[in-house]
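Participant: Next comes query.txt, compact mmCIF, N, CA and C atoms and all ligand atoms:
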```txt
# COMPACT_ATOMS: atom_id res chain seq x y z
N MET A 264 89.53 99.79 83.54
CA MET A 264 89.85 101.00 84.30
C MET A 264 91.36 101.19 84.38
N LYS A 265 91.78 102.39 84.12
CA LYS A 265 93.21 102.69 84.18
C LYS A 265 93.65 102.82 85.63
N GLU A 266 94.80 102.28 85.95
CA GLU A 266 95.26 102.34 87.33
C GLU A 266 95.81 103.72 87.65
N LEU A 267 95.54 104.15 88.87
CA LEU A 267 96.02 105.44 89.31
C LEU A 267 97.54 105.38 89.38
N LYS A 268 98.17 106.29 88.69
CA LYS A 268 99.63 106.24 88.66
C LYS A 268 100.25 106.93 89.86
N VAL A 269 101.04 106.13 90.59
CA VAL A 269 101.69 106.63 91.80
C VAL A 269 102.65 107.77 91.47
N SER A 270 103.28 107.68 90.32
CA SER A 270 104.32 108.64 89.99
C SER A 270 103.80 109.86 89.24
N ALA A 271 102.49 110.12 89.33
CA ALA A 271 101.93 111.23 88.57
C ALA A 271 102.19 112.62 89.15
N ILE A 272 103.19 112.74 90.01
CA ILE A 272 103.63 114.08 90.40
C ILE A 272 105.11 114.21 90.03
N ASN A 273 105.54 115.43 89.81
CA ASN A 273 106.89 115.71 89.37
C ASN A 273 107.90 115.43 90.48
N LYS A 274 107.60 115.96 91.66
CA LYS A 274 108.50 115.77 92.79
C LYS A 274 107.68 115.76 94.07
N GLY A 275 108.01 114.87 94.97
CA GLY A 275 107.28 114.85 96.23
C GLY A 275 107.26 113.48 96.88
N THR A 276 106.27 113.27 97.73
CA THR A 276 106.17 112.03 98.48
C THR A 276 104.78 111.45 98.31
N VAL A 277 104.71 110.17 98.02
CA VAL A 277 103.41 109.50 97.92
C VAL A 277 103.34 108.44 99.02
N ILE A 278 102.35 108.56 99.86
CA ILE A 278 102.14 107.56 100.91
C ILE A 278 101.01 106.66 100.45
N ASP A 279 101.37 105.43 100.18
CA ASP A 279 100.44 104.48 99.58
C ASP A 279 100.08 103.39 100.60
N HIS A 280 99.04 102.63 100.29
CA HIS A 280 98.62 101.51 101.13
C HIS A 280 98.25 101.90 102.55
N ILE A 281 97.67 103.05 102.72
CA ILE A 281 97.13 103.45 104.02
C ILE A 281 95.80 102.73 104.18
N PRO A 282 95.54 102.09 105.33
CA PRO A 282 94.24 101.43 105.49
C PRO A 282 93.09 102.40 105.18
N ALA A 283 92.11 101.94 104.42
CA ALA A 283 90.99 102.80 104.02
C ALA A 283 90.35 103.46 105.23
N GLY A 284 90.11 104.75 105.13
CA GLY A 284 89.46 105.48 106.20
C GLY A 284 90.43 106.16 107.14
N ARG A 285 91.72 105.85 107.00
CA ARG A 285 92.69 106.46 107.92
C ARG A 285 93.52 107.57 107.28
N GLY A 286 93.26 107.84 106.00
CA GLY A 286 94.04 108.84 105.27
C GLY A 286 94.01 110.22 105.90
N LEU A 287 92.84 110.64 106.31
CA LEU A 287 92.71 111.98 106.87
C LEU A 287 93.41 112.09 108.23
N LYS A 288 93.33 111.01 108.99
CA LYS A 288 94.02 110.97 110.29
C LYS A 288 95.54 111.04 110.07
N VAL A 289 96.00 110.31 109.07
CA VAL A 289 97.43 110.33 108.72
C VAL A 289 97.86 111.76 108.39
N LEU A 290 97.04 112.41 107.62
CA LEU A 290 97.31 113.79 107.21
C LEU A 290 97.42 114.70 108.43
N GLU A 291 96.52 114.49 109.37
CA GLU A 291 96.49 115.28 110.59
C GLU A 291 97.80 115.08 111.38
N ILE A 292 98.21 113.83 111.50
CA ILE A 292 99.41 113.51 112.25
C ILE A 292 100.67 114.06 111.56
N LEU A 293 100.66 114.03 110.24
CA LEU A 293 101.83 114.55 109.51
C LEU A 293 101.99 116.05 109.74
N ASN A 294 100.86 116.73 109.97
CA ASN A 294 100.88 118.15 110.30
C ASN A 294 101.77 118.95 109.35
N LEU A 295 101.48 118.86 108.08
CA LEU A 295 102.28 119.52 107.06
C LEU A 295 102.00 121.02 107.03
N PRO A 296 102.96 121.80 106.52
CA PRO A 296 102.74 123.24 106.44
C PRO A 296 101.44 123.58 105.70
N LYS A 297 100.79 124.64 106.13
CA LYS A 297 99.49 125.03 105.58
C LYS A 297 99.49 125.24 104.06
N ASP A 298 100.63 125.66 103.52
CA ASP A 298 100.66 125.96 102.09
C ASP A 298 101.04 124.76 101.23
N SER A 299 101.12 123.57 101.83
CA SER A 299 101.49 122.38 101.05
C SER A 299 100.40 122.01 100.05
N THR A 300 100.83 121.50 98.91
CA THR A 300 99.88 120.96 97.95
C THR A 300 99.74 119.47 98.23
N ILE A 301 98.54 119.07 98.60
CA ILE A 301 98.32 117.68 99.01
C ILE A 301 97.13 117.10 98.26
N LEU A 302 97.30 115.89 97.78
CA LEU A 302 96.19 115.19 97.15
C LEU A 302 95.88 113.97 98.01
N VAL A 303 94.61 113.82 98.33
CA VAL A 303 94.23 112.66 99.13
C VAL A 303 93.21 111.84 98.33
N ALA A 304 93.49 110.57 98.21
CA ALA A 304 92.53 109.68 97.55
C ALA A 304 92.05 108.69 98.59
N VAL A 305 90.73 108.58 98.75
CA VAL A 305 90.21 107.64 99.73
C VAL A 305 89.46 106.50 99.04
N ASN A 306 89.47 105.36 99.70
CA ASN A 306 88.78 104.17 99.20
C ASN A 306 89.16 103.77 97.79
N VAL A 307 90.45 103.84 97.51
CA VAL A 307 90.94 103.42 96.20
C VAL A 307 90.99 101.88 96.19
N ARG A 308 90.52 101.30 95.11
CA ARG A 308 90.56 99.84 94.97
C ARG A 308 92.00 99.36 94.98
N SER A 309 92.26 98.32 95.77
CA SER A 309 93.60 97.77 95.84
C SER A 309 93.52 96.28 96.02
N GLY A 310 94.30 95.55 95.25
CA GLY A 310 94.27 94.10 95.31
C GLY A 310 94.63 93.56 96.68
N LYS A 311 95.62 94.19 97.30
CA LYS A 311 96.19 93.66 98.51
C LYS A 311 95.29 93.88 99.74
N LEU A 312 94.76 95.08 99.86
CA LEU A 312 94.02 95.43 101.08
C LEU A 312 92.53 95.57 100.87
N GLY A 313 92.07 95.37 99.65
CA GLY A 313 90.67 95.65 99.36
C GLY A 313 90.52 97.11 98.98
N ARG A 314 90.56 97.98 99.99
CA ARG A 314 90.49 99.42 99.75
C ARG A 314 91.63 100.07 100.50
N LYS A 315 92.09 101.18 99.96
CA LYS A 315 93.17 101.88 100.63
C LYS A 315 93.04 103.38 100.40
N ASP A 316 93.75 104.14 101.20
CA ASP A 316 93.84 105.57 101.01
C ASP A 316 95.26 105.91 100.53
N ILE A 317 95.36 106.97 99.78
CA ILE A 317 96.67 107.41 99.27
C ILE A 317 96.82 108.91 99.52
N ILE A 318 97.98 109.31 99.93
CA ILE A 318 98.26 110.75 100.10
C ILE A 318 99.46 111.12 99.24
N LYS A 319 99.31 112.19 98.48
CA LYS A 319 100.44 112.69 97.69
C LYS A 319 100.78 114.09 98.18
N VAL A 320 102.01 114.27 98.53
CA VAL A 320 102.47 115.58 98.96
C VAL A 320 103.38 116.12 97.85
N GLU A 321 102.95 117.21 97.22
CA GLU A 321 103.71 117.73 96.10
C GLU A 321 104.85 118.63 96.54
N GLY A 322 106.01 118.43 95.93
CA GLY A 322 107.13 119.33 96.14
C GLY A 322 107.91 119.12 97.42
N LYS A 323 107.50 118.15 98.24
CA LYS A 323 108.20 117.96 99.50
C LYS A 323 108.58 116.50 99.71
N ILE A 324 109.86 116.28 100.00
CA ILE A 324 110.31 114.93 100.32
C ILE A 324 110.26 114.79 101.84
N LEU A 325 109.38 113.94 102.30
CA LEU A 325 109.26 113.76 103.75
C LEU A 325 110.45 112.94 104.26
N ASN A 326 110.96 113.34 105.42
CA ASN A 326 112.06 112.56 105.97
C ASN A 326 111.53 111.38 106.79
N GLU A 327 112.47 110.52 107.20
CA GLU A 327 112.08 109.29 107.87
C GLU A 327 111.30 109.55 109.15
N GLU A 328 111.75 110.53 109.90
CA GLU A 328 111.10 110.85 111.17
C GLU A 328 109.65 111.28 110.95
N GLU A 329 109.44 112.10 109.93
CA GLU A 329 108.09 112.56 109.63
C GLU A 329 107.19 111.39 109.26
N VAL A 330 107.74 110.52 108.42
CA VAL A 330 106.96 109.40 107.91
C VAL A 330 106.65 108.38 109.01
N ASN A 331 107.63 108.14 109.87
CA ASN A 331 107.43 107.13 110.91
C ASN A 331 106.38 107.51 111.94
N LYS A 332 106.04 108.79 111.97
CA LYS A 332 104.98 109.22 112.89
C LYS A 332 103.66 108.54 112.56
N ILE A 333 103.48 108.19 111.29
CA ILE A 333 102.20 107.60 110.89
C ILE A 333 102.16 106.09 111.10
N ALA A 334 103.29 105.52 111.51
CA ALA A 334 103.39 104.06 111.63
C ALA A 334 102.35 103.46 112.57
N LEU A 335 101.99 104.22 113.60
CA LEU A 335 101.04 103.69 114.58
C LEU A 335 99.67 103.44 113.97
N ILE A 336 99.25 104.32 113.04
CA ILE A 336 97.91 104.16 112.49
C ILE A 336 97.91 103.56 111.09
N ALA A 337 99.07 103.57 110.45
CA ALA A 337 99.15 102.99 109.10
C ALA A 337 100.43 102.18 108.94
N PRO A 338 100.55 101.09 109.72
CA PRO A 338 101.80 100.31 109.65
C PRO A 338 102.02 99.64 108.30
N SER A 339 100.96 99.51 107.52
CA SER A 339 101.11 98.84 106.22
C SER A 339 101.50 99.82 105.11
N ALA A 340 101.60 101.10 105.45
CA ALA A 340 101.84 102.11 104.42
C ALA A 340 103.22 101.97 103.79
N THR A 341 103.29 102.33 102.51
CA THR A 341 104.58 102.40 101.84
C THR A 341 104.78 103.84 101.38
N VAL A 342 106.02 104.26 101.39
CA VAL A 342 106.33 105.64 101.06
C VAL A 342 107.17 105.66 99.79
N ASN A 343 106.69 106.39 98.80
CA ASN A 343 107.42 106.51 97.55
C ASN A 343 107.95 107.94 97.41
N ILE A 344 109.22 108.06 97.19
CA ILE A 344 109.82 109.38 96.96
C ILE A 344 109.91 109.59 95.45
N ILE A 345 109.33 110.69 94.99
CA ILE A 345 109.25 110.95 93.55
C ILE A 345 110.16 112.11 93.16
N GLU A 346 110.94 111.87 92.14
CA GLU A 346 111.72 112.95 91.54
C GLU A 346 111.68 112.80 90.04
N ASN A 347 111.47 113.92 89.34
CA ASN A 347 111.32 113.89 87.87
C ASN A 347 110.34 112.83 87.39
N TRP A 348 109.19 112.75 88.04
CA TRP A 348 108.10 111.84 87.67
C TRP A 348 108.40 110.37 87.93
N GLU A 349 109.54 110.09 88.53
CA GLU A 349 109.91 108.68 88.75
C GLU A 349 110.00 108.39 90.25
N VAL A 350 109.66 107.14 90.61
CA VAL A 350 109.87 106.72 91.99
C VAL A 350 111.37 106.46 92.16
N VAL A 351 112.03 107.27 92.97
CA VAL A 351 113.47 107.08 93.17
C VAL A 351 113.78 106.30 94.44
N GLU A 352 112.80 106.22 95.32
CA GLU A 352 113.03 105.48 96.55
C GLU A 352 111.70 104.97 97.09
N LYS A 353 111.70 103.73 97.57
CA LYS A 353 110.52 103.14 98.19
C LYS A 353 110.88 102.80 99.62
N ARG A 354 110.06 103.24 100.56
CA ARG A 354 110.37 102.96 101.95
C ARG A 354 109.18 102.32 102.64
N LYS A 355 109.46 101.52 103.65
CA LYS A 355 108.41 100.96 104.50
C LYS A 355 108.32 101.85 105.73
N VAL A 356 107.13 102.00 106.20
CA VAL A 356 106.94 102.76 107.42
C VAL A 356 107.38 101.89 108.61
N GLU A 357 108.14 102.47 109.52
CA GLU A 357 108.60 101.70 110.67
C GLU A 357 108.23 102.38 111.97
N ILE A 358 107.75 101.60 112.90
CA ILE A 358 107.44 102.16 114.21
C ILE A 358 108.77 102.43 114.92
N PRO A 359 108.99 103.69 115.32
CA PRO A 359 110.27 104.01 115.97
C PRO A 359 110.36 103.39 117.37
N ASN A 360 111.52 103.48 118.01
CA ASN A 360 111.69 102.91 119.36
C ASN A 360 111.00 103.74 120.42
N GLU A 361 110.79 105.00 120.06
CA GLU A 361 110.21 105.92 121.02
C GLU A 361 109.19 106.78 120.31
N ILE A 362 108.06 107.01 120.95
CA ILE A 362 107.02 107.85 120.37
C ILE A 362 106.94 109.12 121.20
N ILE A 363 107.17 110.25 120.56
CA ILE A 363 107.10 111.52 121.29
C ILE A 363 105.97 112.35 120.70
N GLY A 364 105.05 112.79 121.58
CA GLY A 364 103.86 113.49 121.10
C GLY A 364 102.92 112.47 120.46
N ILE A 365 102.11 112.90 119.51
CA ILE A 365 101.17 112.05 118.74
C ILE A 365 100.05 111.43 119.56
N ILE A 366 100.40 110.78 120.69
CA ILE A 366 99.34 110.18 121.50
C ILE A 366 99.45 110.68 122.95
N LYS A 367 98.33 110.60 123.64
CA LYS A 367 98.38 110.97 125.06
C LYS A 367 98.24 109.72 125.92
N CYS A 368 98.70 109.84 127.15
CA CYS A 368 98.71 108.70 128.06
C CYS A 368 97.29 108.34 128.51
N ALA A 369 97.01 107.04 128.60
CA ALA A 369 95.67 106.58 128.97
C ALA A 369 95.42 106.70 130.47
N ASN A 370 96.46 106.89 131.23
CA ASN A 370 96.32 107.01 132.68
C ASN A 370 95.90 108.44 133.04
N PRO A 371 94.67 108.61 133.55
CA PRO A 371 94.19 109.97 133.83
C PRO A 371 95.02 110.68 134.91
N ASN A 372 95.75 109.93 135.72
CA ASN A 372 96.56 110.55 136.77
C ASN A 372 97.98 110.84 136.33
N CYS A 373 98.29 110.55 135.08
CA CYS A 373 99.66 110.74 134.58
C CYS A 373 100.02 112.23 134.58
N ILE A 374 101.25 112.51 134.92
CA ILE A 374 101.75 113.89 135.01
C ILE A 374 101.57 114.65 133.68
N THR A 375 101.59 113.91 132.56
CA THR A 375 101.49 114.56 131.24
C THR A 375 100.15 115.28 131.06
N HIS A 376 99.15 114.95 131.88
CA HIS A 376 97.87 115.63 131.77
C HIS A 376 97.82 116.92 132.59
N TYR A 377 98.77 117.07 133.49
CA TYR A 377 98.75 118.23 134.40
C TYR A 377 99.87 119.22 134.16
N GLU A 378 100.99 118.75 133.66
CA GLU A 378 102.14 119.62 133.46
C GLU A 378 102.41 119.79 131.97
N GLU A 379 103.19 120.80 131.66
CA GLU A 379 103.53 121.09 130.27
C GLU A 379 104.63 120.15 129.78
N VAL A 380 104.35 118.87 129.78
CA VAL A 380 105.36 117.93 129.26
C VAL A 380 104.79 117.20 128.05
N THR A 381 105.64 116.96 127.10
CA THR A 381 105.23 116.23 125.91
C THR A 381 105.18 114.75 126.24
N PRO A 382 104.06 114.10 125.95
CA PRO A 382 103.98 112.66 126.21
C PRO A 382 105.10 111.89 125.48
N LYS A 383 105.62 110.91 126.16
CA LYS A 383 106.73 110.13 125.60
C LYS A 383 106.50 108.66 125.93
N PHE A 384 106.62 107.81 124.94
CA PHE A 384 106.37 106.38 125.15
C PHE A 384 107.50 105.54 124.60
N LYS A 385 107.79 104.47 125.29
CA LYS A 385 108.77 103.51 124.81
C LYS A 385 107.98 102.41 124.09
N VAL A 386 108.46 101.99 122.94
CA VAL A 386 107.79 100.90 122.23
C VAL A 386 108.29 99.58 122.80
N VAL A 387 107.41 98.89 123.51
CA VAL A 387 107.78 97.63 124.16
C VAL A 387 107.68 96.49 123.16
N SER A 388 106.63 96.56 122.32
CA SER A 388 106.42 95.53 121.32
C SER A 388 105.73 96.15 120.11
N ARG A 389 106.11 95.69 118.91
CA ARG A 389 105.50 96.23 117.69
C ARG A 389 104.33 95.40 117.23
N LYS A 390 104.43 94.11 117.42
CA LYS A 390 103.36 93.21 116.99
C LYS A 390 103.10 92.16 118.04
N PRO A 391 102.09 92.23 118.86
CA PRO A 391 101.09 93.31 118.88
C PRO A 391 101.70 94.59 119.45
N LEU A 392 101.12 95.71 119.05
CA LEU A 392 101.62 96.99 119.50
C LEU A 392 101.44 97.18 121.00
N LYS A 393 102.53 97.55 121.67
CA LYS A 393 102.48 97.80 123.10
C LYS A 393 103.42 98.95 123.43
N LEU A 394 102.88 100.00 124.05
CA LEU A 394 103.69 101.15 124.41
C LEU A 394 103.68 101.35 125.92
N LYS A 395 104.78 101.90 126.42
CA LYS A 395 104.86 102.15 127.85
C LYS A 395 105.16 103.63 128.08
N CYS A 396 104.34 104.26 128.91
CA CYS A 396 104.53 105.69 129.18
C CYS A 396 105.84 105.90 129.93
N HIS A 397 106.61 106.89 129.47
CA HIS A 397 107.90 107.21 130.07
C HIS A 397 107.72 107.74 131.49
N TYR A 398 106.60 108.37 131.76
CA TYR A 398 106.40 109.04 133.04
C TYR A 398 105.72 108.16 134.10
N CYS A 399 104.63 107.50 133.73
CA CYS A 399 103.90 106.74 134.75
C CYS A 399 104.01 105.23 134.54
N GLU A 400 104.68 104.84 133.45
CA GLU A 400 104.91 103.42 133.15
C GLU A 400 103.64 102.63 132.82
N ARG A 401 102.53 103.32 132.57
CA ARG A 401 101.31 102.65 132.13
C ARG A 401 101.56 102.04 130.75
N THR A 402 101.13 100.80 130.56
CA THR A 402 101.29 100.13 129.26
C THR A 402 99.99 100.26 128.48
N MET A 403 100.10 100.57 127.19
CA MET A 403 98.92 100.71 126.34
C MET A 403 99.02 99.78 125.15
N GLU A 404 97.90 99.12 124.82
CA GLU A 404 97.88 98.26 123.65
C GLU A 404 97.21 98.96 122.49
N GLU A 405 97.25 98.32 121.33
CA GLU A 405 96.85 99.00 120.09
C GLU A 405 95.51 99.73 120.15
N ASP A 406 94.45 99.06 120.61
CA ASP A 406 93.14 99.73 120.58
C ASP A 406 93.10 100.95 121.50
N THR A 407 93.83 100.88 122.60
CA THR A 407 93.90 102.03 123.51
C THR A 407 94.72 103.15 122.85
N VAL A 408 95.80 102.77 122.22
CA VAL A 408 96.65 103.75 121.53
C VAL A 408 95.84 104.52 120.49
N LEU A 409 95.07 103.80 119.68
CA LEU A 409 94.28 104.45 118.63
C LEU A 409 93.23 105.40 119.19
N LYS A 410 92.76 105.11 120.39
CA LYS A 410 91.76 105.98 121.01
C LYS A 410 92.39 107.23 121.63
N HIS A 411 93.70 107.21 121.79
CA HIS A 411 94.36 108.33 122.46
C HIS A 411 95.27 109.14 121.54
N LEU A 412 94.98 109.09 120.25
CA LEU A 412 95.76 109.91 119.32
C LEU A 412 95.47 111.38 119.60
N LEU A 413 96.51 112.18 119.61
CA LEU A 413 96.31 113.61 119.88
C LEU A 413 95.73 114.30 118.66
ZN ZN A 501 101.59 108.22 131.60
```
What is this file in structure tokens?
Ligand SMILES: [Zn+2]

Facilitator:
Amino acid sequence: MKELKVSAINKGTVIDHIPAGRGLKVLEILNLPKDSTILVAVNVRSGKLGRKDIIKVEGKILNEEEVNKIALIAPSATVNIIENWEVVEKRKVEIPNEIIGIIKCANPNCITHYEEVTPKFKVVSRKPLKLKCHYCERTMEEDTVLKHLL
């Protein structure tokens, strides 16, 4: 079987090594413009992870901020920037120090559920993942975080 070529687009961004089954969620979080050309491959065979999902965004180079939004659900992802059919840059996804939007607070009494404020979390720990709400100081761990994705 021929291997799927990562660089098979002229220009754009390829997000590789997304845990299998999370590709569509990643796409949702990236919230790309409606007219974007996007290719999604799910359950692709991969030596390292068993199965993985891959997303290719044609014609658009995603910036670091955009890419880091997916770190919470796909920390193992790698980002390849493609120009003229070649990978010109390889990046690792990094969980930022602060998460704005993307997830909602697990505390039902938190002000973010009642007022027009964007949820904001401080990253207390990356491994294991631990976030602290900026408003009510509730701490959330990975499984809670994944259940509260917006
Ligand atoms: Zn809160």

Participant: Write down as a VMD selection string the residues of chain A whose backbone DSSP state falls under strand (DSSP E).

Facilitator: chain A and resid 274 to 282 300 to 309 313 to 321 341 to 346 349 to 355 361 to 363 383 to 389 392 to 396 402 to 404

Participant: Suppose you want the space between atom C of Glu378 (chain A) and CA of Ala337 (chain A); what is it in Å?

Facilitator: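 Between atom C of Glu378 (chain A) and CA of Ala337 (chain A) the gap is 28.6 Å.
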
Participant: Go through A:Val351, A:Val289, A:Ile281, A:Cys396 one by one, measure the shortest atom-to-atom distance of each to ligand ZN 501 (chain A) using all atoms listed in the file, and give the residue with the smallest value.

Facilitator: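 Closest residue, counting all atoms listed in the file: A:Cys396.
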
Participant: So that I can check the surroundings of Thr381 (chain A), please list as a PyMOL selection string every protein, DNA and RNA residue that reaches within 7 Å of it, counting all atoms listed in the file and ignoring chain neighbours fewer than 3 positions away.

Facilitator: chain A and resi 363-364+375+378

Participant: Taking only N, CA and C atoms and all ligand atoms and a cut-off of 6 Å, can you tell me which residues surround ligand ZN 501 (chain A), written as a list in words?

Facilitator: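 After applying the 6 Å limit, what remains is Cys368, Ala369, Asn370, Cys373, Ile374, Thr375, Cys396, His397, Tyr398, Cys399, Glu400 and Arg401 of chain A.
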
Participant: Could you give me, as a compact mmCIF listing (two decimals) with N, CA and C atoms, in the frame of the given file, the residues within 7 Å of region 344-347 of chain A, counting all atoms listed in the file and dropping anything in the same chain fewer than 2 positions from it?

Facilitator:
```
# COMPACT_ATOMS: atom_id res chain seq x y z
N SER A 270 103.28 107.68 90.32
CA SER A 270 104.32 108.64 89.99
C SER A 270 103.80 109.86 89.24
N ILE A 272 103.19 112.74 90.01
CA ILE A 272 103.63 114.08 90.40
C ILE A 272 105.11 114.21 90.03
N ASN A 273 105.54 115.43 89.81
CA ASN A 273 106.89 115.71 89.37
C ASN A 273 107.90 115.43 90.48
N LYS A 274 107.60 115.96 91.66
CA LYS A 274 108.50 115.77 92.79
C LYS A 274 107.68 115.76 94.07
N GLY A 275 108.01 114.87 94.97
CA GLY A 275 107.28 114.85 96.23
C GLY A 275 107.26 113.48 96.88
N THR A 276 106.27 113.27 97.73
CA THR A 276 106.17 112.03 98.48
C THR A 276 104.78 111.45 98.31
N VAL A 277 104.71 110.17 98.02
CA VAL A 277 103.41 109.50 97.92
C VAL A 277 103.34 108.44 99.02
N ILE A 324 109.86 116.28 100.00
CA ILE A 324 110.31 114.93 100.32
C ILE A 324 110.26 114.79 101.84
N VAL A 342 106.02 104.26 101.39
CA VAL A 342 106.33 105.64 101.06
C VAL A 342 107.17 105.66 99.79
N GLU A 349 109.54 110.09 88.53
CA GLU A 349 109.91 108.68 88.75
C GLU A 349 110.00 108.39 90.25
N VAL A 350 109.66 107.14 90.61
CA VAL A 350 109.87 106.72 91.99
C VAL A 350 111.37 106.46 92.16
N VAL A 351 112.03 107.27 92.97
CA VAL A 351 113.47 107.08 93.17
C VAL A 351 113.78 106.30 94.44
N GLU A 352 112.80 106.22 95.32
CA GLU A 352 113.03 105.48 96.55
C GLU A 352 111.70 104.97 97.09
N LYS A 353 111.70 103.73 97.57
CA LYS A 353 110.52 103.14 98.19
C LYS A 353 110.88 102.80 99.62
N ARG A 354 110.06 103.24 100.56
CA ARG A 354 110.37 102.96 101.95
C ARG A 354 109.18 102.32 102.64
```

Participant: For a quick check of understanding, using only C-alpha atoms, which of A:Ile336, A:Ala283, A:Val330, A:Val386 has the smallest distance to Val307 (chain A)?

Facilitator: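 Ranking A:Ile336, A:Ala283, A:Val330, A:Val386 by distance to Val307 (chain A), first place goes to A:Ala283.
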
Participant: Hey, which of A:Asp406, A:His280, A:Ile362, A:Asn372 ends up closest to Lys385 (chain A)? Count all atoms listed in the file.

Facilitator: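 Answer, going by the shortest atom-to-atom distance: A:Ile362.
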
Participant: Check the smallest atom-to-atom distance from each of A:Lys367, A:Lys355, A:Arg308, A:Lys395 to Ala334 (chain A) using all atoms listed in the file, then report the winner.

Facilitator: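 Closest to Ala334 (chain A) of all the choices is A:Lys355.
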
Participant: Tell me, as a list in words, which residues lie within 7 Å of Leu412 (chain A), counting all atoms listed in the file; anything in the same chain fewer than 5 positions away does not count.

Facilitator: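 Selected residues are Ile365, Ile366, Lys367 and Thr407 of chain A.
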
Participant: Hey, can you check how far CA of Thr402 (chain A) sits from atom N of Leu293 (chain A)?

Facilitator: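 Interatomic distance here is 23.6 Å.
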
Participant: Could you rebuild region 333-345 of chain A with N, CA, C and O atoms and give me the result as a PDB file, in the frame of the given file?

Facilitator:
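New file result_6.pdb:
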```pdb
ATOM      1  N   ILE A 333     103.480 108.190 111.290  1.00  0.00           N
ATOM      2  CA  ILE A 333     102.200 107.600 110.890  1.00  0.00           C
ATOM      3  C   ILE A 333     102.160 106.090 111.100  1.00  0.00           C
ATOM      4  O   ILE A 333     101.134 105.459 110.912  1.00  0.00           O
ATOM      5  N   ALA A 334     103.290 105.520 111.510  1.00  0.00           N
ATOM      6  CA  ALA A 334     103.390 104.060 111.630  1.00  0.00           C
ATOM      7  C   ALA A 334     102.350 103.460 112.570  1.00  0.00           C
ATOM      8  O   ALA A 334     101.877 102.351 112.355  1.00  0.00           O
ATOM      9  N   LEU A 335     101.990 104.220 113.600  1.00  0.00           N
ATOM     10  CA  LEU A 335     101.040 103.690 114.580  1.00  0.00           C
ATOM     11  C   LEU A 335      99.670 103.440 113.970  1.00  0.00           C
ATOM     12  O   LEU A 335      98.986 102.502 114.321  1.00  0.00           O
ATOM     13  N   ILE A 336      99.250 104.320 113.040  1.00  0.00           N
ATOM     14  CA  ILE A 336      97.910 104.160 112.490  1.00  0.00           C
ATOM     15  C   ILE A 336      97.910 103.560 111.090  1.00  0.00           C
ATOM     16  O   ILE A 336      96.884 103.131 110.613  1.00  0.00           O
ATOM     17  N   ALA A 337      99.070 103.570 110.450  1.00  0.00           N
ATOM     18  CA  ALA A 337      99.150 102.990 109.100  1.00  0.00           C
ATOM     19  C   ALA A 337     100.430 102.180 108.940  1.00  0.00           C
ATOM     20  O   ALA A 337     101.291 102.506 108.118  1.00  0.00           O
ATOM     21  N   PRO A 338     100.550 101.090 109.720  1.00  0.00           N
ATOM     22  CA  PRO A 338     101.800 100.310 109.650  1.00  0.00           C
ATOM     23  C   PRO A 338     102.020  99.640 108.300  1.00  0.00           C
ATOM     24  O   PRO A 338     103.156  99.275 107.984  1.00  0.00           O
ATOM     25  N   SER A 339     100.960  99.510 107.520  1.00  0.00           N
ATOM     26  CA  SER A 339     101.110  98.840 106.220  1.00  0.00           C
ATOM     27  C   SER A 339     101.500  99.820 105.110  1.00  0.00           C
ATOM     28  O   SER A 339     101.685  99.432 103.964  1.00  0.00           O
ATOM     29  N   ALA A 340     101.600 101.100 105.450  1.00  0.00           N
ATOM     30  CA  ALA A 340     101.840 102.110 104.420  1.00  0.00           C
ATOM     31  C   ALA A 340     103.220 101.970 103.790  1.00  0.00           C
ATOM     32  O   ALA A 340     104.176 101.518 104.418  1.00  0.00           O
ATOM     33  N   THR A 341     103.290 102.330 102.510  1.00  0.00           N
ATOM     34  CA  THR A 341     104.580 102.400 101.840  1.00  0.00           C
ATOM     35  C   THR A 341     104.780 103.840 101.380  1.00  0.00           C
ATOM     36  O   THR A 341     103.830 104.530 101.043  1.00  0.00           O
ATOM     37  N   VAL A 342     106.020 104.260 101.390  1.00  0.00           N
ATOM     38  CA  VAL A 342     106.330 105.640 101.060  1.00  0.00           C
ATOM     39  C   VAL A 342     107.170 105.660  99.790  1.00  0.00           C
ATOM     40  O   VAL A 342     108.193 104.988  99.706  1.00  0.00           O
ATOM     41  N   ASN A 343     106.690 106.390  98.800  1.00  0.00           N
ATOM     42  CA  ASN A 343     107.420 106.510  97.550  1.00  0.00           C
ATOM     43  C   ASN A 343     107.950 107.940  97.410  1.00  0.00           C
ATOM     44  O   ASN A 343     107.171 108.887  97.492  1.00  0.00           O
ATOM     45  N   ILE A 344     109.220 108.060  97.190  1.00  0.00           N
ATOM     46  CA  ILE A 344     109.820 109.380  96.960  1.00  0.00           C
ATOM     47  C   ILE A 344     109.910 109.590  95.450  1.00  0.00           C
ATOM     48  O   ILE A 344     110.444 108.752  94.728  1.00  0.00           O
ATOM     49  N   ILE A 345     109.330 110.690  94.990  1.00  0.00           N
ATOM     50  CA  ILE A 345     109.250 110.950  93.550  1.00  0.00           C
ATOM     51  C   ILE A 345     110.160 112.110  93.160  1.00  0.00           C
ATOM     52  O   ILE A 345     110.134 113.166  93.791  1.00  0.00           O
TER      53      ILE A 345
END
```
